[in-house]
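The block underneath contains the structure these notes are about, expressed in structure tokens.
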Amino acid sequence: MAELFVAGLSHKTAPIAVREQLAVEEDKLREILLNVHAAGILPEVMILSTCNRVEVYGVADVPGEARALAFRHLAQQRGLDLPSLEPMLYTKSGTDAVHHCFRVAASLDSMILGEPQILGQVKEAFALAQSCQTVGPLLHRLLTQAFAVAKKVRTETELARHAVSVAYAAVELARKIFGSLDGKSILLIGAGKMGELAARHLVDQGAFPIFVANRTWSRAQEMARALAATAIPFEEWVESLATVDIVITSTGASEPIVRTVDVQRCLHARRLRPLFFIDIGVPRDVEPAVNELEPVFCYDIDDLRQVVESNIRERQREAQKAEALVEREVLRFSARAQDVEVVPTIVSLRERLEAIRRGEVEKALAGLPNADPQTRRALEAMSQSIVNKILHTPTVKLRESSRSGHGRGWTEMVQELFGLGRERDEK
Amino acid sequence: MNPIFFDLALLGYLVATGLALAYLVQRGEAIHRLASLATLGGWVLHTLALVVRGVELGRPPLGTLVEAMSVVGWAAVLLTLGAERQYRVKVLSAFVLPLVCVSVVSTAWLPPGLSNLAPALRSAWISVHVILALLGISAFILNFAGAVMYLLQERQLKAKRPGAFYYRLPSLETLDRMTFRALTLGFPFLTLGILLGALWARTAWGSVFVFDPLALFSFLAWLVYAATLSGRTLAGWRGRRAAYFALLGFSALVLTLTAGLLLPGRHGS
């Protein structure tokens, strides 16, 4: 009996050295997919290949056999042999496979909890399998549901909400201070890569205009071009403190260049508009005491790292909520899957009885050429209600049986009793 | 007061408060939906209770301070439900509902007050005076809640150790805007309410400056709010300073109501 399974390895079971050997580009993957499918033991198959996991999703009578087949093909690409991979491979089938698939798509099995790329990668893998026509009804149902669950996790929990990189954490802090970043102006002092990255993220959120100051004028101009910013002479940045909203510093200076007195002096002109310093320089570029001025917030690199750590803990807390949600969805999916198992039998049983009914009504009417419309209607109604009454109990029983896990035995028996199997094969 | 509806409304508010606080701690959309539902349910029952009360009395249920407190809570809930949607501040009710519960519970425990009003207080003008003042006060409850949230969030941002409030509260900018909006909403109502009261005092008692503790404190509160408003519009006040003034103004309002309830004066109890 064919069932859903997933087999593979991930960052949890295999070292990077193995994972990078197995990761293959799309054309190669397409070829492997077709070859595996052609072998005939996997009526449905999809391969997910990312730098953190290589997994085969499929339907097979014997998952172990299917796994060996698929990974032999995958391993051959780089001259690896299957036995060396075996200890790193896991296999899950039935409900466990559903659970695993939902967790992967929802980014609960990722190295960085809640990272957004994995869902896109699963979607690509699914699209590839679809284009190779190796997807059947079971995988289709599984994956479309997995996408829905992933979306639900994203909207109903905050698993993917809080920044886990320093640059994004700075953006998030800016949003906690300013709300929308539309039209907030930035001053970037120094030419550090990280500073530039943070500025870019802020610009993505609508921050504008940007000013760039650097001791080397040509370097300032260069960065200004890269960021669509305005270069200002290094001696003049202090004046612009009166107007900008966010200051990013990443210079190589050995002493703080932003002094509390300078900031204090500009505050009068700013009234109480908030001013946010993102100090990425090591050693620090901004005197820590500016944080004590009323509308000024100053985060150095350690502060930002601390925020990131706290965000990671927050994601872990949210992950518990997401796990519970996924488990509920797995139960719901399995319940529906079992219903699906008996539905075809119910439908063909009804079709069979309906065919008999129609035939008999026609026969009876043929013997009553003078029957008035009323009599015809009465005959139709009576025969239909007999069919419905006969079908009622078996339908209910079949559904019940599927929920208690005995669906297969019951459907076989009903098919046998009413001779339904043959008809289905003909279709 | 008619116990059934008021009790049910209070029950709704208490449940809603519990859920709103749970949302603050735990989050989860389902909890928030339930909290909103309980709030709305409590508010509908509260409306019903006020209407029934008004029909029983044959006049708006605004004659005594105790009745008025209940109406303040009623209006504050309505404003909160609106503001939560407008500013997408889902945790707002966690800060407002406890205050509403206090105001509604206090009306249940305090002596019901006179149901036969002194002749001097039987006038449509009095009702208008009371309604305006109450709407003003309910807006200032939001002003206060917004200020508290602002100060909590600002502390977290200054301390650089993100804790529960950092994640749950909206941005400083949003909180400041909401606080300011509540101030501009409440101030005209309070001003007109006080003005009408003073005019009434002159007609009824012959002088604008009748000694009355409630009137005195409410004027004090008005001064604080007037100062905040001018600071905000003319001197660019915002953020922490504006929030401190919101706390100050609200303390004056609390004193006003306490004085009205506990000290003898023209507003009765």
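Just remember, in the structure tokens the first chain shown is A, the second B, etc., residues are 1-based per chain, and ligands are 1-based in the order shown.
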Neighbours of chain B in chain A at 7 Å, counting only C-alpha atoms, as a PyMOL selection string: chain A and resi 156-157+175-179+271-272+291+297+303+307+310
Please run DSSP on the backbone and report, as a PDB file with N, CA and C atoms, in the first residue's frame, all residues within segment 75-228 of chain A that come out as alpha helix (DSSP H).
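And here's part.pdb as it stands now:
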```pdb
ATOM      1  N   ALA A  75      23.709  10.748  -4.863  1.00  0.00           N
ATOM      2  CA  ALA A  75      25.096  10.566  -4.440  1.00  0.00           C
ATOM      3  C   ALA A  75      26.031  10.418  -5.644  1.00  0.00           C
ATOM      4  N   GLN A  76      25.511   9.772  -6.693  1.00  0.00           N
ATOM      5  CA  GLN A  76      26.334   9.522  -7.872  1.00  0.00           C
ATOM      6  C   GLN A  76      26.881  10.805  -8.497  1.00  0.00           C
ATOM      7  N   LEU A  82      26.424   5.440  -1.482  1.00  0.00           N
ATOM      8  CA  LEU A  82      25.264   5.415  -0.609  1.00  0.00           C
ATOM      9  C   LEU A  82      25.569   4.994   0.836  1.00  0.00           C
ATOM     10  N   PRO A  83      26.351   3.916   1.034  1.00  0.00           N
ATOM     11  CA  PRO A  83      26.591   3.471   2.420  1.00  0.00           C
ATOM     12  C   PRO A  83      27.167   4.561   3.311  1.00  0.00           C
ATOM     13  N   SER A  84      28.013   5.471   2.754  1.00  0.00           N
ATOM     14  CA  SER A  84      28.583   6.506   3.615  1.00  0.00           C
ATOM     15  C   SER A  84      27.525   7.540   4.002  1.00  0.00           C
ATOM     16  N   LEU A  85      26.463   7.630   3.204  1.00  0.00           N
ATOM     17  CA  LEU A  85      25.396   8.580   3.527  1.00  0.00           C
ATOM     18  C   LEU A  85      24.398   7.999   4.519  1.00  0.00           C
ATOM     19  N   THR A  95       1.829  10.074   8.933  1.00  0.00           N
ATOM     20  CA  THR A  95       1.613  11.313   9.676  1.00  0.00           C
ATOM     21  C   THR A  95       2.926  12.019  10.014  1.00  0.00           C
ATOM     22  N   ASP A  96       3.963  11.240  10.316  1.00  0.00           N
ATOM     23  CA  ASP A  96       5.256  11.852  10.650  1.00  0.00           C
ATOM     24  C   ASP A  96       5.823  12.629   9.467  1.00  0.00           C
ATOM     25  N   ALA A  97       5.594  12.086   8.267  1.00  0.00           N
ATOM     26  CA  ALA A  97       6.075  12.784   7.068  1.00  0.00           C
ATOM     27  C   ALA A  97       5.324  14.089   6.880  1.00  0.00           C
ATOM     28  N   VAL A  98       4.018  14.060   7.121  1.00  0.00           N
ATOM     29  CA  VAL A  98       3.206  15.276   7.020  1.00  0.00           C
ATOM     30  C   VAL A  98       3.729  16.319   8.015  1.00  0.00           C
ATOM     31  N   HIS A  99       3.957  15.862   9.229  1.00  0.00           N
ATOM     32  CA  HIS A  99       4.449  16.742  10.286  1.00  0.00           C
ATOM     33  C   HIS A  99       5.778  17.380   9.883  1.00  0.00           C
ATOM     34  N   HIS A 100       6.675  16.543   9.375  1.00  0.00           N
ATOM     35  CA  HIS A 100       7.992  17.036   8.965  1.00  0.00           C
ATOM     36  C   HIS A 100       7.860  18.070   7.855  1.00  0.00           C
ATOM     37  N   CYS A 101       7.040  17.759   6.876  1.00  0.00           N
ATOM     38  CA  CYS A 101       6.862  18.662   5.734  1.00  0.00           C
ATOM     39  C   CYS A 101       6.327  20.019   6.196  1.00  0.00           C
ATOM     40  N   PHE A 102       5.334  20.019   7.064  1.00  0.00           N
ATOM     41  CA  PHE A 102       4.770  21.278   7.573  1.00  0.00           C
ATOM     42  C   PHE A 102       5.829  22.070   8.341  1.00  0.00           C
ATOM     43  N   ARG A 103       6.625  21.359   9.156  1.00  0.00           N
ATOM     44  CA  ARG A 103       7.638  22.045   9.959  1.00  0.00           C
ATOM     45  C   ARG A 103       8.709  22.677   9.070  1.00  0.00           C
ATOM     46  N   VAL A 104       9.108  21.952   8.047  1.00  0.00           N
ATOM     47  CA  VAL A 104      10.134  22.486   7.145  1.00  0.00           C
ATOM     48  C   VAL A 104       9.616  23.743   6.448  1.00  0.00           C
ATOM     49  N   ALA A 105       8.404  23.657   5.889  1.00  0.00           N
ATOM     50  CA  ALA A 105       7.856  24.796   5.149  1.00  0.00           C
ATOM     51  C   ALA A 105       7.660  25.998   6.063  1.00  0.00           C
ATOM     52  N   GLN A 117      13.676  32.148   3.630  1.00  0.00           N
ATOM     53  CA  GLN A 117      14.013  31.561   2.327  1.00  0.00           C
ATOM     54  C   GLN A 117      13.406  30.181   2.116  1.00  0.00           C
ATOM     55  N   ILE A 118      13.337  29.383   3.187  1.00  0.00           N
ATOM     56  CA  ILE A 118      12.990  27.971   3.011  1.00  0.00           C
ATOM     57  C   ILE A 118      11.646  27.781   2.318  1.00  0.00           C
ATOM     58  N   LEU A 119      10.666  28.617   2.644  1.00  0.00           N
ATOM     59  CA  LEU A 119       9.351  28.451   2.023  1.00  0.00           C
ATOM     60  C   LEU A 119       9.458  28.608   0.505  1.00  0.00           C
ATOM     61  N   GLY A 120      10.230  29.607   0.070  1.00  0.00           N
ATOM     62  CA  GLY A 120      10.433  29.814  -1.359  1.00  0.00           C
ATOM     63  C   GLY A 120      11.120  28.604  -1.989  1.00  0.00           C
ATOM     64  N   GLN A 121      12.078  28.037  -1.258  1.00  0.00           N
ATOM     65  CA  GLN A 121      12.802  26.881  -1.799  1.00  0.00           C
ATOM     66  C   GLN A 121      11.880  25.679  -1.941  1.00  0.00           C
ATOM     67  N   VAL A 122      10.998  25.493  -0.944  1.00  0.00           N
ATOM     68  CA  VAL A 122      10.049  24.373  -1.047  1.00  0.00           C
ATOM     69  C   VAL A 122       9.123  24.601  -2.236  1.00  0.00           C
ATOM     70  N   LYS A 123       8.699  25.860  -2.404  1.00  0.00           N
ATOM     71  CA  LYS A 123       7.811  26.159  -3.536  1.00  0.00           C
ATOM     72  C   LYS A 123       8.502  25.883  -4.868  1.00  0.00           C
ATOM     73  N   GLU A 124       9.785  26.234  -4.950  1.00  0.00           N
ATOM     74  CA  GLU A 124      10.533  25.969  -6.184  1.00  0.00           C
ATOM     75  C   GLU A 124      10.633  24.469  -6.448  1.00  0.00           C
ATOM     76  N   ALA A 125      10.946  23.720  -5.381  1.00  0.00           N
ATOM     77  CA  ALA A 125      11.059  22.273  -5.536  1.00  0.00           C
ATOM     78  C   ALA A 125       9.742  21.685  -6.035  1.00  0.00           C
ATOM     79  N   PHE A 126       8.643  22.196  -5.487  1.00  0.00           N
ATOM     80  CA  PHE A 126       7.323  21.709  -5.873  1.00  0.00           C
ATOM     81  C   PHE A 126       7.039  22.049  -7.339  1.00  0.00           C
ATOM     82  N   ALA A 127       7.390  23.283  -7.723  1.00  0.00           N
ATOM     83  CA  ALA A 127       7.149  23.725  -9.099  1.00  0.00           C
ATOM     84  C   ALA A 127       7.958  22.866 -10.071  1.00  0.00           C
ATOM     85  N   LEU A 128       9.193  22.556  -9.662  1.00  0.00           N
ATOM     86  CA  LEU A 128      10.039  21.739 -10.524  1.00  0.00           C
ATOM     87  C   LEU A 128       9.421  20.352 -10.715  1.00  0.00           C
ATOM     88  N   ALA A 129       8.980  19.764  -9.599  1.00  0.00           N
ATOM     89  CA  ALA A 129       8.371  18.437  -9.677  1.00  0.00           C
ATOM     90  C   ALA A 129       7.097  18.476 -10.512  1.00  0.00           C
ATOM     91  N   GLN A 130       6.356  19.575 -10.387  1.00  0.00           N
ATOM     92  CA  GLN A 130       5.139  19.697 -11.191  1.00  0.00           C
ATOM     93  C   GLN A 130       5.469  19.767 -12.676  1.00  0.00           C
ATOM     94  N   SER A 131       6.524  20.541 -12.990  1.00  0.00           N
ATOM     95  CA  SER A 131       6.880  20.683 -14.402  1.00  0.00           C
ATOM     96  C   SER A 131       7.398  19.363 -14.956  1.00  0.00           C
ATOM     97  N   PRO A 137      -1.834  13.358  -6.765  1.00  0.00           N
ATOM     98  CA  PRO A 137      -2.789  13.970  -5.842  1.00  0.00           C
ATOM     99  C   PRO A 137      -2.265  14.072  -4.402  1.00  0.00           C
ATOM    100  N   LEU A 138      -1.528  13.058  -3.930  1.00  0.00           N
ATOM    101  CA  LEU A 138      -1.107  13.067  -2.527  1.00  0.00           C
ATOM    102  C   LEU A 138      -0.100  14.175  -2.254  1.00  0.00           C
ATOM    103  N   LEU A 139       0.939  14.265  -3.083  1.00  0.00           N
ATOM    104  CA  LEU A 139       1.933  15.317  -2.882  1.00  0.00           C
ATOM    105  C   LEU A 139       1.303  16.690  -3.089  1.00  0.00           C
ATOM    106  N   HIS A 140       0.407  16.769  -4.057  1.00  0.00           N
ATOM    107  CA  HIS A 140      -0.239  18.049  -4.317  1.00  0.00           C
ATOM    108  C   HIS A 140      -0.985  18.537  -3.086  1.00  0.00           C
ATOM    109  N   ARG A 141      -1.745  17.631  -2.496  1.00  0.00           N
ATOM    110  CA  ARG A 141      -2.485  17.999  -1.295  1.00  0.00           C
ATOM    111  C   ARG A 141      -1.539  18.354  -0.150  1.00  0.00           C
ATOM    112  N   LEU A 142      -0.505  17.553  -0.010  1.00  0.00           N
ATOM    113  CA  LEU A 142       0.437  17.769   1.093  1.00  0.00           C
ATOM    114  C   LEU A 142       1.097  19.140   0.983  1.00  0.00           C
ATOM    115  N   LEU A 143       1.595  19.448  -0.208  1.00  0.00           N
ATOM    116  CA  LEU A 143       2.369  20.685  -0.347  1.00  0.00           C
ATOM    117  C   LEU A 143       1.479  21.925  -0.318  1.00  0.00           C
ATOM    118  N   THR A 144       0.318  21.872  -0.979  1.00  0.00           N
ATOM    119  CA  THR A 144      -0.533  23.068  -0.925  1.00  0.00           C
ATOM    120  C   THR A 144      -0.923  23.339   0.525  1.00  0.00           C
ATOM    121  N   GLN A 145      -1.171  22.262   1.276  1.00  0.00           N
ATOM    122  CA  GLN A 145      -1.514  22.470   2.684  1.00  0.00           C
ATOM    123  C   GLN A 145      -0.304  22.995   3.455  1.00  0.00           C
ATOM    124  N   ALA A 146       0.888  22.494   3.130  1.00  0.00           N
ATOM    125  CA  ALA A 146       2.097  22.954   3.825  1.00  0.00           C
ATOM    126  C   ALA A 146       2.290  24.456   3.601  1.00  0.00           C
ATOM    127  N   PHE A 147       2.008  24.937   2.383  1.00  0.00           N
ATOM    128  CA  PHE A 147       2.148  26.375   2.116  1.00  0.00           C
ATOM    129  C   PHE A 147       1.144  27.166   2.949  1.00  0.00           C
ATOM    130  N   ALA A 148      -0.068  26.624   3.043  1.00  0.00           N
ATOM    131  CA  ALA A 148      -1.090  27.320   3.833  1.00  0.00           C
ATOM    132  C   ALA A 148      -0.687  27.376   5.306  1.00  0.00           C
ATOM    133  N   VAL A 149      -0.138  26.245   5.818  1.00  0.00           N
ATOM    134  CA  VAL A 149       0.275  26.206   7.220  1.00  0.00           C
ATOM    135  C   VAL A 149       1.417  27.210   7.459  1.00  0.00           C
ATOM    136  N   ALA A 150       2.365  27.246   6.511  1.00  0.00           N
ATOM    137  CA  ALA A 150       3.501  28.166   6.662  1.00  0.00           C
ATOM    138  C   ALA A 150       3.011  29.609   6.733  1.00  0.00           C
ATOM    139  N   LYS A 151       2.025  29.905   5.910  1.00  0.00           N
ATOM    140  CA  LYS A 151       1.483  31.265   5.904  1.00  0.00           C
ATOM    141  C   LYS A 151       0.811  31.575   7.234  1.00  0.00           C
ATOM    142  N   LYS A 152       0.087  30.568   7.724  1.00  0.00           N
ATOM    143  CA  LYS A 152      -0.612  30.739   8.989  1.00  0.00           C
ATOM    144  C   LYS A 152       0.383  30.995  10.128  1.00  0.00           C
ATOM    145  N   VAL A 153       1.462  30.222  10.132  1.00  0.00           N
ATOM    146  CA  VAL A 153       2.480  30.399  11.169  1.00  0.00           C
ATOM    147  C   VAL A 153       3.051  31.814  11.093  1.00  0.00           C
ATOM    148  N   ARG A 154       3.264  32.268   9.866  1.00  0.00           N
ATOM    149  CA  ARG A 154       3.842  33.591   9.673  1.00  0.00           C
ATOM    150  C   ARG A 154       2.924  34.695  10.186  1.00  0.00           C
ATOM    151  N   THR A 155       1.598  34.532   9.951  1.00  0.00           N
ATOM    152  CA  THR A 155       0.695  35.605  10.348  1.00  0.00           C
ATOM    153  C   THR A 155       0.234  35.471  11.791  1.00  0.00           C
ATOM    154  N   GLU A 156       0.145  34.241  12.300  1.00  0.00           N
ATOM    155  CA  GLU A 156      -0.436  34.093  13.631  1.00  0.00           C
ATOM    156  C   GLU A 156       0.594  34.030  14.745  1.00  0.00           C
ATOM    157  N   VAL A 166      22.405  42.099  12.927  1.00  0.00           N
ATOM    158  CA  VAL A 166      22.667  43.398  13.549  1.00  0.00           C
ATOM    159  C   VAL A 166      22.078  44.540  12.718  1.00  0.00           C
ATOM    160  N   ALA A 167      22.256  44.465  11.410  1.00  0.00           N
ATOM    161  CA  ALA A 167      21.781  45.561  10.564  1.00  0.00           C
ATOM    162  C   ALA A 167      20.254  45.673  10.617  1.00  0.00           C
ATOM    163  N   TYR A 168      19.581  44.522  10.584  1.00  0.00           N
ATOM    164  CA  TYR A 168      18.118  44.564  10.648  1.00  0.00           C
ATOM    165  C   TYR A 168      17.641  44.979  12.028  1.00  0.00           C
ATOM    166  N   ALA A 169      18.369  44.570  13.047  1.00  0.00           N
ATOM    167  CA  ALA A 169      17.984  44.966  14.401  1.00  0.00           C
ATOM    168  C   ALA A 169      18.000  46.486  14.511  1.00  0.00           C
ATOM    169  N   ALA A 170      18.974  47.123  13.859  1.00  0.00           N
ATOM    170  CA  ALA A 170      19.051  48.584  13.874  1.00  0.00           C
ATOM    171  C   ALA A 170      17.825  49.187  13.186  1.00  0.00           C
ATOM    172  N   VAL A 171      17.416  48.581  12.078  1.00  0.00           N
ATOM    173  CA  VAL A 171      16.234  49.071  11.369  1.00  0.00           C
ATOM    174  C   VAL A 171      14.997  48.947  12.252  1.00  0.00           C
ATOM    175  N   GLU A 172      14.910  47.791  12.922  1.00  0.00           N
ATOM    176  CA  GLU A 172      13.748  47.558  13.776  1.00  0.00           C
ATOM    177  C   GLU A 172      13.679  48.568  14.914  1.00  0.00           C
ATOM    178  N   LEU A 173      14.842  48.870  15.485  1.00  0.00           N
ATOM    179  CA  LEU A 173      14.886  49.877  16.554  1.00  0.00           C
ATOM    180  C   LEU A 173      14.433  51.226  16.014  1.00  0.00           C
ATOM    181  N   ALA A 174      14.903  51.564  14.813  1.00  0.00           N
ATOM    182  CA  ALA A 174      14.513  52.842  14.219  1.00  0.00           C
ATOM    183  C   ALA A 174      13.001  52.895  14.063  1.00  0.00           C
ATOM    184  N   ARG A 175      12.417  51.754  13.689  1.00  0.00           N
ATOM    185  CA  ARG A 175      10.961  51.736  13.528  1.00  0.00           C
ATOM    186  C   ARG A 175      10.245  51.836  14.862  1.00  0.00           C
ATOM    187  N   LYS A 176      10.854  51.300  15.914  1.00  0.00           N
ATOM    188  CA  LYS A 176      10.245  51.427  17.244  1.00  0.00           C
ATOM    189  C   LYS A 176      10.291  52.874  17.728  1.00  0.00           C
ATOM    190  N   ILE A 177      11.251  53.628  17.213  1.00  0.00           N
ATOM    191  CA  ILE A 177      11.341  55.020  17.623  1.00  0.00           C
ATOM    192  C   ILE A 177      10.486  55.910  16.731  1.00  0.00           C
ATOM    193  N   PHE A 178      10.662  55.758  15.418  1.00  0.00           N
ATOM    194  CA  PHE A 178      10.036  56.705  14.487  1.00  0.00           C
ATOM    195  C   PHE A 178       8.728  56.204  13.891  1.00  0.00           C
ATOM    196  N   LYS A 193      31.603  48.795   6.003  1.00  0.00           N
ATOM    197  CA  LYS A 193      30.644  48.002   5.216  1.00  0.00           C
ATOM    198  C   LYS A 193      29.309  47.868   5.943  1.00  0.00           C
ATOM    199  N   MET A 194      29.432  47.586   7.259  1.00  0.00           N
ATOM    200  CA  MET A 194      28.227  47.342   8.048  1.00  0.00           C
ATOM    201  C   MET A 194      27.356  48.583   8.113  1.00  0.00           C
ATOM    202  N   GLY A 195      28.007  49.751   8.196  1.00  0.00           N
ATOM    203  CA  GLY A 195      27.264  51.004   8.214  1.00  0.00           C
ATOM    204  C   GLY A 195      26.495  51.186   6.919  1.00  0.00           C
ATOM    205  N   GLU A 196      27.173  50.865   5.838  1.00  0.00           N
ATOM    206  CA  GLU A 196      26.531  51.008   4.534  1.00  0.00           C
ATOM    207  C   GLU A 196      25.333  50.073   4.421  1.00  0.00           C
ATOM    208  N   LEU A 197      25.506  48.855   4.950  1.00  0.00           N
ATOM    209  CA  LEU A 197      24.420  47.866   4.901  1.00  0.00           C
ATOM    210  C   LEU A 197      23.203  48.362   5.687  1.00  0.00           C
ATOM    211  N   ALA A 198      23.472  48.878   6.898  1.00  0.00           N
ATOM    212  CA  ALA A 198      22.371  49.394   7.719  1.00  0.00           C
ATOM    213  C   ALA A 198      21.668  50.531   6.995  1.00  0.00           C
ATOM    214  N   ALA A 199      22.443  51.411   6.363  1.00  0.00           N
ATOM    215  CA  ALA A 199      21.857  52.533   5.628  1.00  0.00           C
ATOM    216  C   ALA A 199      20.970  52.028   4.503  1.00  0.00           C
ATOM    217  N   ARG A 200      21.454  51.011   3.820  1.00  0.00           N
ATOM    218  CA  ARG A 200      20.662  50.434   2.722  1.00  0.00           C
ATOM    219  C   ARG A 200      19.322  49.902   3.216  1.00  0.00           C
ATOM    220  N   HIS A 201      19.360  49.167   4.324  1.00  0.00           N
ATOM    221  CA  HIS A 201      18.105  48.634   4.882  1.00  0.00           C
ATOM    222  C   HIS A 201      17.150  49.766   5.236  1.00  0.00           C
ATOM    223  N   LEU A 202      17.705  50.843   5.798  1.00  0.00           N
ATOM    224  CA  LEU A 202      16.847  51.976   6.177  1.00  0.00           C
ATOM    225  C   LEU A 202      16.229  52.614   4.942  1.00  0.00           C
ATOM    226  N   VAL A 203      17.025  52.727   3.891  1.00  0.00           N
ATOM    227  CA  VAL A 203      16.523  53.310   2.644  1.00  0.00           C
ATOM    228  C   VAL A 203      15.400  52.439   2.071  1.00  0.00           C
ATOM    229  N   ASP A 204      15.586  51.105   2.185  1.00  0.00           N
ATOM    230  CA  ASP A 204      14.534  50.195   1.713  1.00  0.00           C
ATOM    231  C   ASP A 204      13.210  50.466   2.409  1.00  0.00           C
ATOM    232  N   TRP A 217      37.495  62.745   0.860  1.00  0.00           N
ATOM    233  CA  TRP A 217      36.399  63.286   0.063  1.00  0.00           C
ATOM    234  C   TRP A 217      36.005  62.356  -1.087  1.00  0.00           C
ATOM    235  N   SER A 218      37.003  61.765  -1.731  1.00  0.00           N
ATOM    236  CA  SER A 218      36.692  60.916  -2.884  1.00  0.00           C
ATOM    237  C   SER A 218      35.895  59.691  -2.437  1.00  0.00           C
ATOM    238  N   ARG A 219      36.245  59.176  -1.251  1.00  0.00           N
ATOM    239  CA  ARG A 219      35.529  58.012  -0.717  1.00  0.00           C
ATOM    240  C   ARG A 219      34.070  58.391  -0.409  1.00  0.00           C
ATOM    241  N   ALA A 220      33.885  59.587   0.130  1.00  0.00           N
ATOM    242  CA  ALA A 220      32.536  60.067   0.435  1.00  0.00           C
ATOM    243  C   ALA A 220      31.709  60.140  -0.847  1.00  0.00           C
ATOM    244  N   GLN A 221      32.353  60.656  -1.902  1.00  0.00           N
ATOM    245  CA  GLN A 221      31.626  60.775  -3.168  1.00  0.00           C
ATOM    246  C   GLN A 221      31.260  59.417  -3.746  1.00  0.00           C
ATOM    247  N   GLU A 222      32.189  58.506  -3.593  1.00  0.00           N
ATOM    248  CA  GLU A 222      31.970  57.148  -4.085  1.00  0.00           C
ATOM    249  C   GLU A 222      30.768  56.504  -3.386  1.00  0.00           C
ATOM    250  N   MET A 223      30.743  56.638  -2.047  1.00  0.00           N
ATOM    251  CA  MET A 223      29.626  56.058  -1.295  1.00  0.00           C
ATOM    252  C   MET A 223      28.323  56.768  -1.616  1.00  0.00           C
ATOM    253  N   ALA A 224      28.406  58.073  -1.812  1.00  0.00           N
ATOM    254  CA  ALA A 224      27.211  58.837  -2.137  1.00  0.00           C
ATOM    255  C   ALA A 224      26.598  58.314  -3.434  1.00  0.00           C
ATOM    256  N   ARG A 225      27.475  58.005  -4.385  1.00  0.00           N
ATOM    257  CA  ARG A 225      26.963  57.474  -5.645  1.00  0.00           C
ATOM    258  C   ARG A 225      26.286  56.124  -5.425  1.00  0.00           C
ATOM    259  N   ALA A 226      26.944  55.271  -4.633  1.00  0.00           N
ATOM    260  CA  ALA A 226      26.416  53.922  -4.416  1.00  0.00           C
ATOM    261  C   ALA A 226      25.064  53.949  -3.706  1.00  0.00           C
ATOM    262  N   LEU A 227      24.856  54.940  -2.834  1.00  0.00           N
ATOM    263  CA  LEU A 227      23.640  54.961  -2.022  1.00  0.00           C
ATOM    264  C   LEU A 227      22.632  55.995  -2.503  1.00  0.00           C
TER     265      LEU A 227
END
```
Write out as a PyMOL selection string each polymer residue whose atoms come within 12 Å of Arg358 of chain A, counting only C-alpha atoms; drop sequence neighbours fewer than 2 positions from it. chain A and resi 351-356+360-365+379-384+387
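Proximity of A:Ser385, A:Glu55, A:Gln21, A:Ile246 to Gly79 of chain A, computed with only C-alpha atoms, is greatest for A:Gln21.
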Mind checking which residues fall within 12 Å of Glu86 of chain A, counting only C-alpha atoms, ignoring those fewer than 5 positions away in the same chain, and posting them as a PyMOL selection string? chain A and resi 7-9+13-14+18+64+67-68+71-72+75+80-81+91
Write out the residues from the selection above, keeping N, CA and C atoms, as a CSV table (one decimal), in the first residue's frame.
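result_8.csv, freshly written:
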```
chain,number,residue,atom,x,y,z
A,7,ALA,N,12.4,11.4,3.0
A,7,ALA,CA,13.7,10.8,3.4
A,7,ALA,C,14.7,11.8,3.1
A,8,GLY,N,15.8,11.9,3.9
A,8,GLY,CA,16.8,12.9,3.6
A,8,GLY,C,17.8,13.2,4.7
A,9,LEU,N,18.5,14.2,4.5
A,9,LEU,CA,19.5,14.7,5.5
A,9,LEU,C,19.4,16.2,5.6
A,13,THR,N,21.6,16.5,10.8
A,13,THR,CA,22.2,15.2,10.7
A,13,THR,C,23.5,15.1,9.9
A,14,ALA,N,23.7,16.0,9.0
A,14,ALA,CA,24.9,15.9,8.2
A,14,ALA,C,25.7,17.2,8.2
A,18,VAL,N,29.2,17.4,3.6
A,18,VAL,CA,28.4,16.4,2.9
A,18,VAL,C,27.2,17.1,2.2
A,64,GLY,N,11.8,2.7,2.3
A,64,GLY,CA,13.2,2.4,2.4
A,64,GLY,C,13.8,2.2,1.0
A,67,ARG,N,13.9,5.4,-0.9
A,67,ARG,CA,15.0,6.3,-0.4
A,67,ARG,C,16.3,5.9,-1.0
A,68,ALA,N,16.6,4.6,-1.0
A,68,ALA,CA,17.9,4.1,-1.5
A,68,ALA,C,18.0,4.5,-3.0
A,71,PHE,N,18.6,8.4,-3.3
A,71,PHE,CA,19.9,8.9,-2.8
A,71,PHE,C,21.0,8.2,-3.6
A,72,ARG,N,20.8,7.1,-4.2
A,72,ARG,CA,21.9,6.6,-5.0
A,72,ARG,C,22.1,7.5,-6.2
A,75,ALA,N,23.7,10.7,-4.9
A,75,ALA,CA,25.1,10.6,-4.4
A,75,ALA,C,26.0,10.4,-5.6
A,80,LEU,N,29.8,10.2,-4.6
A,80,LEU,CA,29.7,9.6,-3.2
A,80,LEU,C,29.0,8.3,-3.3
A,81,ASP,N,29.3,7.4,-2.3
A,81,ASP,CA,28.5,6.2,-2.3
A,81,ASP,C,27.5,6.1,-1.2
A,91,THR,N,14.2,8.8,7.7
A,91,THR,CA,13.0,8.5,6.9
A,91,THR,C,11.8,8.7,7.8
```
Got a sec: who's within 8 Å of Ala83 of chain B, counting only C-alpha atoms, leaving out chain neighbours fewer than 5 positions off, as a ChimeraX atom specification? /B:88-89,178
